[in-house]
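Participant: Here's a structure for you.
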Amino acid sequence: MSTQRPPTIDPQAAQRWQKMPAGPSPWLHEEVARRMEERLEWIKLQPKNWAHWEPVRGGLQAHGLLSRRYPDAGCFVTETQAARAAYAAKTITTSWWNPARWTAKPTRFETPANGAVQMLWANMALHMAADPQALIAQWHRALAVDGFVMFSCLGPDTLKELRGLYQALGWPAPSHEFTDMHDWGDMLAGAGFAEPVMDMERITLTFETPQRLLEELRGLGRNLQPQRFAGLRGRQWRDQLHQALSGIPLHLTFEVIYGHAFKPKPRLDMRPETVLSLEQMRETLSQRKS
């Protein structure tokens, strides 16, 4: 694996995907978010503030589940594109006449400052990031000491049926490669997280027609494989794909990886001369007082 990004992701294609218009969250992402929210039962920490990272694609319905779980916590909603931020604000914001708005903690539609949140929620985002290590580092900065990240993404067995079909037809892969959960654990540790816990499950979706299968895939993401077909496919190729899909069982496997990890107290690198930033000095002194 590259030290900068997964070797099978085209960064320009990933950027184009990020700029696509906002729309309803995919059903699969909402279902994964619901299952991941149940895993919060294992974690006793009650955050004072939490961040919902890219909720439009990750699952806007899950925002309601998380708000009910942490009713006394403030929230940051982080979207990288203005259009999706506006869409999230329109969907999430409580109506002015709703009494719940008068007592609820504020929801800020912005990226949290360093150390501002105790929990960061990121559903189904990592596998579409051109530079996932930079994204993980950004999450680490946003978290306070002893805070935790909760995330999910797709794993290597995803779309194995479609990959086999494309290979049999001699076509380039239908998607970029997805990272193994053990590699995600290594990247978390490399970013400074502690006690990463990873697990996975496989979800199989069945479709009535090839058209419905392809429609679902378009909502989930795009093929970021650098070796993908360079131009636009024509009707003849589309008809060939539909015919090929009609000859196999119309079900697809999605390997879903879940992970969480904590941000530990920073350890000083003891050398003959140690240089600390002002922020590091303040944090060290506050830890000694506590």
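Ordering of the structure tokens sets the chain letters (A, B, ...); residue numbers start at 1 within each chain; ligands are numbered from 1 in the order shown.
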Can you tell me, as a PDB file with N, CA, C and O atoms, in the first residue's frame, what residues are no more than 12 Å from Glu38 (chain A) when counting only C-alpha atoms, ignoring any on the same chain fewer than 5 positions away?

Facilitator:
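And here's out36.pdb as it stands now:
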ATOM      1  N   GLU A  31     -28.462   1.539   6.811  1.00  0.00           N
ATOM      2  CA  GLU A  31     -28.519   0.269   7.546  1.00  0.00           C
ATOM      3  C   GLU A  31     -27.213   0.019   8.298  1.00  0.00           C
ATOM      4  O   GLU A  31     -27.231  -0.418   9.459  1.00  0.00           O
ATOM      5  N   VAL A  32     -26.075   0.302   7.667  1.00  0.00           N
ATOM      6  CA  VAL A  32     -24.790   0.137   8.344  1.00  0.00           C
ATOM      7  C   VAL A  32     -24.695   1.096   9.536  1.00  0.00           C
ATOM      8  O   VAL A  32     -24.221   0.723  10.610  1.00  0.00           O
ATOM      9  N   ALA A  33     -25.171   2.320   9.351  1.00  0.00           N
ATOM     10  CA  ALA A  33     -25.156   3.289  10.453  1.00  0.00           C
ATOM     11  C   ALA A  33     -26.002   2.798  11.623  1.00  0.00           C
ATOM     12  O   ALA A  33     -25.622   2.957  12.791  1.00  0.00           O
ATOM     13  N   ILE A  43     -19.567   1.341  24.664  1.00  0.00           N
ATOM     14  CA  ILE A  43     -18.721   2.462  25.078  1.00  0.00           C
ATOM     15  C   ILE A  43     -19.482   3.316  26.082  1.00  0.00           C
ATOM     16  O   ILE A  43     -20.559   3.840  25.776  1.00  0.00           O
ATOM     17  N   ALA A  62     -29.328   8.364  10.681  1.00  0.00           N
ATOM     18  CA  ALA A  62     -28.522   8.015  11.851  1.00  0.00           C
ATOM     19  C   ALA A  62     -28.297   9.218  12.753  1.00  0.00           C
ATOM     20  O   ALA A  62     -28.061   9.052  13.958  1.00  0.00           O
ATOM     21  N   LEU A  65     -30.712   9.073  15.524  1.00  0.00           N
ATOM     22  CA  LEU A  65     -30.372   8.049  16.514  1.00  0.00           C
ATOM     23  C   LEU A  65     -29.288   8.548  17.461  1.00  0.00           C
ATOM     24  O   LEU A  65     -29.362   8.352  18.679  1.00  0.00           O
ATOM     25  N   LEU A  66     -28.279   9.201  16.903  1.00  0.00           N
ATOM     26  CA  LEU A  66     -27.165   9.677  17.720  1.00  0.00           C
ATOM     27  C   LEU A  66     -27.587  10.838  18.615  1.00  0.00           C
ATOM     28  O   LEU A  66     -27.145  10.949  19.758  1.00  0.00           O
ATOM     29  N   ARG A  69     -29.322   9.407  21.515  1.00  0.00           N
ATOM     30  CA  ARG A  69     -28.399   8.738  22.431  1.00  0.00           C
ATOM     31  C   ARG A  69     -27.622   9.753  23.273  1.00  0.00           C
ATOM     32  O   ARG A  69     -27.309   9.494  24.438  1.00  0.00           O
ATOM     33  N   MET A 150     -15.509   6.507  15.783  1.00  0.00           N
ATOM     34  CA  MET A 150     -16.361   5.362  15.433  1.00  0.00           C
ATOM     35  C   MET A 150     -16.591   5.439  13.934  1.00  0.00           C
ATOM     36  O   MET A 150     -17.130   6.443  13.433  1.00  0.00           O
ATOM     37  N   TYR A 258     -16.158  -2.400  10.614  1.00  0.00           N
ATOM     38  CA  TYR A 258     -16.444  -1.456  11.693  1.00  0.00           C
ATOM     39  C   TYR A 258     -15.169  -1.276  12.522  1.00  0.00           C
ATOM     40  O   TYR A 258     -14.441  -2.237  12.759  1.00  0.00           O
TER      41      TYR A 258
END

Participant: Per DSSP on the backbone, filter region 88-241 of chain A down to the residues in strand (DSSP E) and report them as a PyMOL selection string.

Facilitator: chain A and resi 107-108+117-123+143-154+194-206

Participant: Identify, with DSSP run on backbone atoms, the residues in region 58-287 of chain A assigned to helix (DSSP H, G or I), and express the list as an MDAnalysis selection string.

Facilitator: chainID A and resid 58 61:69 82:92 100:103 126:128 132:142 160:169 181:190 210:220 235:246 278:287

Participant: List the spatial neighbours of region 123-134 of chain A as a ChimeraX atom specification - criterion: any atom at most 7 Å away, only C-alpha atoms, same-chain residues fewer than 5 positions off excluded.

Facilitator: /A:4-5,9,11,14,29,33,58,151-154,178,187

Participant: Could you write out that same residue set with N, CA and C atoms as a PDB file, in the first residue's frame?

Facilitator:
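Below is the file that was written, result.pdb:
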ATOM      1  N   GLN A   4       0.754   7.305   0.827  1.00  0.00           N
ATOM      2  CA  GLN A   4      -0.080   8.476   0.645  1.00  0.00           C
ATOM      3  C   GLN A   4      -1.553   8.129   0.418  1.00  0.00           C
ATOM      4  N   ARG A   5      -1.839   7.103  -0.354  1.00  0.00           N
ATOM      5  CA  ARG A   5      -3.226   6.735  -0.639  1.00  0.00           C
ATOM      6  C   ARG A   5      -3.247   5.299  -1.141  1.00  0.00           C
ATOM      7  N   ILE A   9      -6.719   3.954  -6.176  1.00  0.00           N
ATOM      8  CA  ILE A   9      -7.644   5.081  -6.209  1.00  0.00           C
ATOM      9  C   ILE A   9      -7.045   6.221  -7.024  1.00  0.00           C
ATOM     10  N   PRO A  11      -6.975   9.944  -7.526  1.00  0.00           N
ATOM     11  CA  PRO A  11      -7.368  11.082  -6.684  1.00  0.00           C
ATOM     12  C   PRO A  11      -8.268  12.075  -7.399  1.00  0.00           C
ATOM     13  N   ALA A  14     -11.715  10.669  -7.294  1.00  0.00           N
ATOM     14  CA  ALA A  14     -12.245  10.808  -5.939  1.00  0.00           C
ATOM     15  C   ALA A  14     -12.708  12.234  -5.683  1.00  0.00           C
ATOM     16  N   HIS A  29     -26.065   2.495   3.444  1.00  0.00           N
ATOM     17  CA  HIS A  29     -25.337   3.308   4.406  1.00  0.00           C
ATOM     18  C   HIS A  29     -26.176   3.563   5.654  1.00  0.00           C
ATOM     19  N   ALA A  33     -25.171   2.320   9.351  1.00  0.00           N
ATOM     20  CA  ALA A  33     -25.156   3.289  10.453  1.00  0.00           C
ATOM     21  C   ALA A  33     -26.002   2.798  11.623  1.00  0.00           C
ATOM     22  N   GLY A  58     -23.278   9.430   4.501  1.00  0.00           N
ATOM     23  CA  GLY A  58     -23.101   8.412   5.535  1.00  0.00           C
ATOM     24  C   GLY A  58     -24.375   7.970   6.210  1.00  0.00           C
ATOM     25  N   PHE A 151     -16.170   4.404  13.181  1.00  0.00           N
ATOM     26  CA  PHE A 151     -16.273   4.504  11.728  1.00  0.00           C
ATOM     27  C   PHE A 151     -16.621   3.154  11.112  1.00  0.00           C
ATOM     28  N   SER A 152     -17.027   3.215   9.847  1.00  0.00           N
ATOM     29  CA  SER A 152     -17.255   2.007   9.058  1.00  0.00           C
ATOM     30  C   SER A 152     -16.814   2.291   7.626  1.00  0.00           C
ATOM     31  N   CYS A 153     -16.557   1.221   6.875  1.00  0.00           N
ATOM     32  CA  CYS A 153     -16.186   1.352   5.471  1.00  0.00           C
ATOM     33  C   CYS A 153     -16.332  -0.018   4.814  1.00  0.00           C
ATOM     34  N   LEU A 154     -16.136  -0.065   3.505  1.00  0.00           N
ATOM     35  CA  LEU A 154     -16.236  -1.325   2.772  1.00  0.00           C
ATOM     36  C   LEU A 154     -14.891  -2.040   2.748  1.00  0.00           C
ATOM     37  N   PHE A 178     -10.601  -2.381  -2.138  1.00  0.00           N
ATOM     38  CA  PHE A 178     -10.940  -1.911  -0.801  1.00  0.00           C
ATOM     39  C   PHE A 178      -9.944  -2.474   0.208  1.00  0.00           C
ATOM     40  N   MET A 187      -3.160   1.791  10.276  1.00  0.00           N
ATOM     41  CA  MET A 187      -3.191   3.228   9.994  1.00  0.00           C
ATOM     42  C   MET A 187      -3.689   4.021  11.196  1.00  0.00           C
TER      43      MET A 187
END

Participant: Which residues are near Arg222 (chain A)? Cut-off 12 Å, only C-alpha atoms, ignore same chain within fewer than 6 positions. Put them as a list of chain:residue names.

Facilitator: A:Ile9, A:Asp10, A:Ala13, A:Ala14, A:Gln15, A:Arg16, A:Trp17, A:Gln18, A:Met20, A:His127, A:Met128, A:Ala129, A:Ala173, A:Pro174, A:Ser175, A:His176, A:Glu177, A:Leu214, A:Glu215, A:Glu216, A:Arg228

Participant: Can you list every residue of region 67-87 of chain A that has an atom at most 10 Å from region 104-120 of chain A, with its nearest atom pair and the distance in Å to one decimal, using only C-alpha atoms, ordered by chain then number, as JSON lines?

Facilitator:
{"residue": "A:Ser67", "atom": "CA", "partner": "A:Ala104", "partner_atom": "CA", "distance": 9.6}
{"residue": "A:Pro71", "atom": "CA", "partner": "A:Ala104", "partner_atom": "CA", "distance": 7.3}
{"residue": "A:Asp72", "atom": "CA", "partner": "A:Lys105", "partner_atom": "CA", "distance": 6.4}
{"residue": "A:Ala73", "atom": "CA", "partner": "A:Lys105", "partner_atom": "CA", "distance": 6.1}
{"residue": "A:Gly74", "atom": "CA", "partner": "A:Lys105", "partner_atom": "CA", "distance": 4.9}
{"residue": "A:Cys75", "atom": "CA", "partner": "A:Thr107", "partner_atom": "CA", "distance": 4.7}
{"residue": "A:Phe76", "atom": "CA", "partner": "A:Arg108", "partner_atom": "CA", "distance": 4.7}
{"residue": "A:Val77", "atom": "CA", "partner": "A:Phe109", "partner_atom": "CA", "distance": 4.6}
{"residue": "A:Thr78", "atom": "CA", "partner": "A:Thr111", "partner_atom": "CA", "distance": 5.1}
{"residue": "A:Glu79", "atom": "CA", "partner": "A:Glu110", "partner_atom": "CA", "distance": 7.3}
{"residue": "A:Thr80", "atom": "CA", "partner": "A:Thr111", "partner_atom": "CA", "distance": 8.7}
{"residue": "A:Ala85", "atom": "CA", "partner": "A:Phe109", "partner_atom": "CA", "distance": 6.9}
{"residue": "A:Ala86", "atom": "CA", "partner": "A:Phe109", "partner_atom": "CA", "distance": 8.7}

Participant: Given only C-alpha atoms, how would the per-residue table for region 178-237 of chain A near region 247-255 of chain A read, listing every residue at most 9 Å away with its closest atom pair and distance in Å to one decimal, sorted by chain and number, as a tab-separated table?

Facilitator:
residue	atom	partner	partner_atom	distance
A:Met200	CA	A:Glu255	CA	6.9
A:Glu201	CA	A:Glu255	CA	5.9
A:Arg202	CA	A:Glu255	CA	4.4
A:Ile203	CA	A:Phe254	CA	5.2
A:Thr204	CA	A:Thr253	CA	4.5
A:Leu205	CA	A:Leu252	CA	5.4
A:Thr206	CA	A:His251	CA	4.2
A:Phe207	CA	A:Leu250	CA	5.5
A:Glu208	CA	A:Leu250	CA	7.1
A:Thr209	CA	A:Leu250	CA	7.3
A:Pro210	CA	A:Leu250	CA	7.2
A:Leu213	CA	A:Leu250	CA	7.5

Participant: Please list as a CSV table (one decimal) with N, CA, C and O atoms, in the first residue's frame every residue within 7 Å of Ile136 (chain A), counting only C-alpha atoms and excluding residues in the same chain fewer than 4 positions away.

Facilitator:
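Final output, saved to result_0.csv:
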chain,number,residue,atom,x,y,z
A,132,PRO,N,-6.7,8.4,2.7
A,132,PRO,CA,-7.3,8.0,4.0
A,132,PRO,C,-6.5,8.3,5.2
A,132,PRO,O,-7.0,8.6,6.3
A,140,HIS,N,-8.1,12.5,14.2
A,140,HIS,CA,-7.3,12.5,15.5
A,140,HIS,C,-7.1,13.9,16.0
A,140,HIS,O,-7.3,14.1,17.3
A,188,LEU,N,-4.6,3.5,11.9
A,188,LEU,CA,-5.1,4.1,13.1
A,188,LEU,C,-4.0,4.3,14.2
A,188,LEU,O,-3.8,5.3,14.7
A,191,ALA,N,-1.5,6.9,13.2
A,191,ALA,CA,-2.0,8.2,13.4
A,191,ALA,C,-2.0,8.7,14.8
A,191,ALA,O,-2.3,9.8,15.1

Participant: I need the residue nearest Gly170 (chain A) from this list: A:Phe229, A:Trp42, A:Phe262, A:Trp53. Use only C-alpha atoms for the distance.

Facilitator: A:Phe229

Participant: If we count only C-alpha atoms, what is near Asp180 (chain A) at a cut-off of 7 Å, once residues fewer than 2 positions away on the same chain are taken out, given as an mmCIF file with N, CA and C atoms, in the first residue's frame?

Facilitator:
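Once written, around31.cif looks like this:
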data_model
loop_
_atom_site.group_PDB
_atom_site.id
_atom_site.type_symbol
_atom_site.label_atom_id
_atom_site.label_comp_id
_atom_site.auth_asym_id
_atom_site.auth_seq_id
_atom_site.Cartn_x
_atom_site.Cartn_y
_atom_site.Cartn_z
ATOM 1 N N GLY A 155 -14.956 -3.390 2.779
ATOM 2 C CA GLY A 155 -13.768 -4.220 2.792
ATOM 3 C C GLY A 155 -13.545 -4.957 1.485
ATOM 4 N N PRO A 156 -12.471 -5.758 1.393
ATOM 5 C CA PRO A 156 -12.004 -6.343 0.128
ATOM 6 C C PRO A 156 -12.977 -7.289 -0.574
ATOM 7 N N PHE A 178 -10.601 -2.381 -2.138
ATOM 8 C CA PHE A 178 -10.940 -1.911 -0.801
ATOM 9 C C PHE A 178 -9.944 -2.474 0.208
ATOM 10 N N HIS A 182 -7.259 -5.076 8.820
ATOM 11 C CA HIS A 182 -6.005 -5.058 9.569
ATOM 12 C C HIS A 182 -5.142 -3.859 9.153
ATOM 13 N N ASP A 183 -5.195 -3.495 7.867
ATOM 14 C CA ASP A 183 -4.463 -2.317 7.412
ATOM 15 C C ASP A 183 -5.058 -1.043 8.004
ATOM 16 N N TRP A 184 -6.392 -1.006 8.137
ATOM 17 C CA TRP A 184 -7.012 0.160 8.786
ATOM 18 C C TRP A 184 -6.537 0.261 10.228
#

Participant: Which residue out of A:Asp146, A:Asp186, A:Glu30, A:Asp157 has the minimum interatomic distance to Val56 (chain A) when only C-alpha atoms are used?

Facilitator: A:Glu30

Participant: Restricting the calculation to only C-alpha atoms: of A:Leu60, A:Leu143, A:Val256, A:Leu135, which residue gets closest to Pro24 (chain A)?

Facilitator: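 Looking only at the distances to Pro24 (chain A), the closest residue turns out to be A:Leu60.
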
Participant: Need the shell around Ala168 (chain A): protein/DNA/RNA residues with any atom at most 12 Å away, counting only C-alpha atoms. Skip same-chain ones fewer than 6 positions apart. Format as a ChimeraX atom specification?

Facilitator: /A:161-162,241,244

Participant: In terms of the shortest atom-to-atom distance over only C-alpha atoms, which of A:Trp237, A:Pro172, A:Gln61, A:Lys90 is closest to Gln225 (chain A)?

Facilitator: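 Looking only at the distances to Gln225 (chain A), the closest residue turns out to be A:Pro172.
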
Participant: For the atom pair CA of Ala142 (chain A) and CA of Gly219 (chain A), what is the interatomic distance in Å to one decimal place?

Facilitator: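 Distance between the two atoms: 28.8 Å.
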
Participant: Considering only C-alpha atoms, can you say which of A:Leu165, A:Ala144, A:Ile257, A:Leu28 comes closest to Leu220 (chain A)?

Facilitator: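 Checking each of A:Leu165, A:Ala144, A:Ile257, A:Leu28 against Leu220 (chain A), counting only C-alpha atoms, the winner is A:Leu28.
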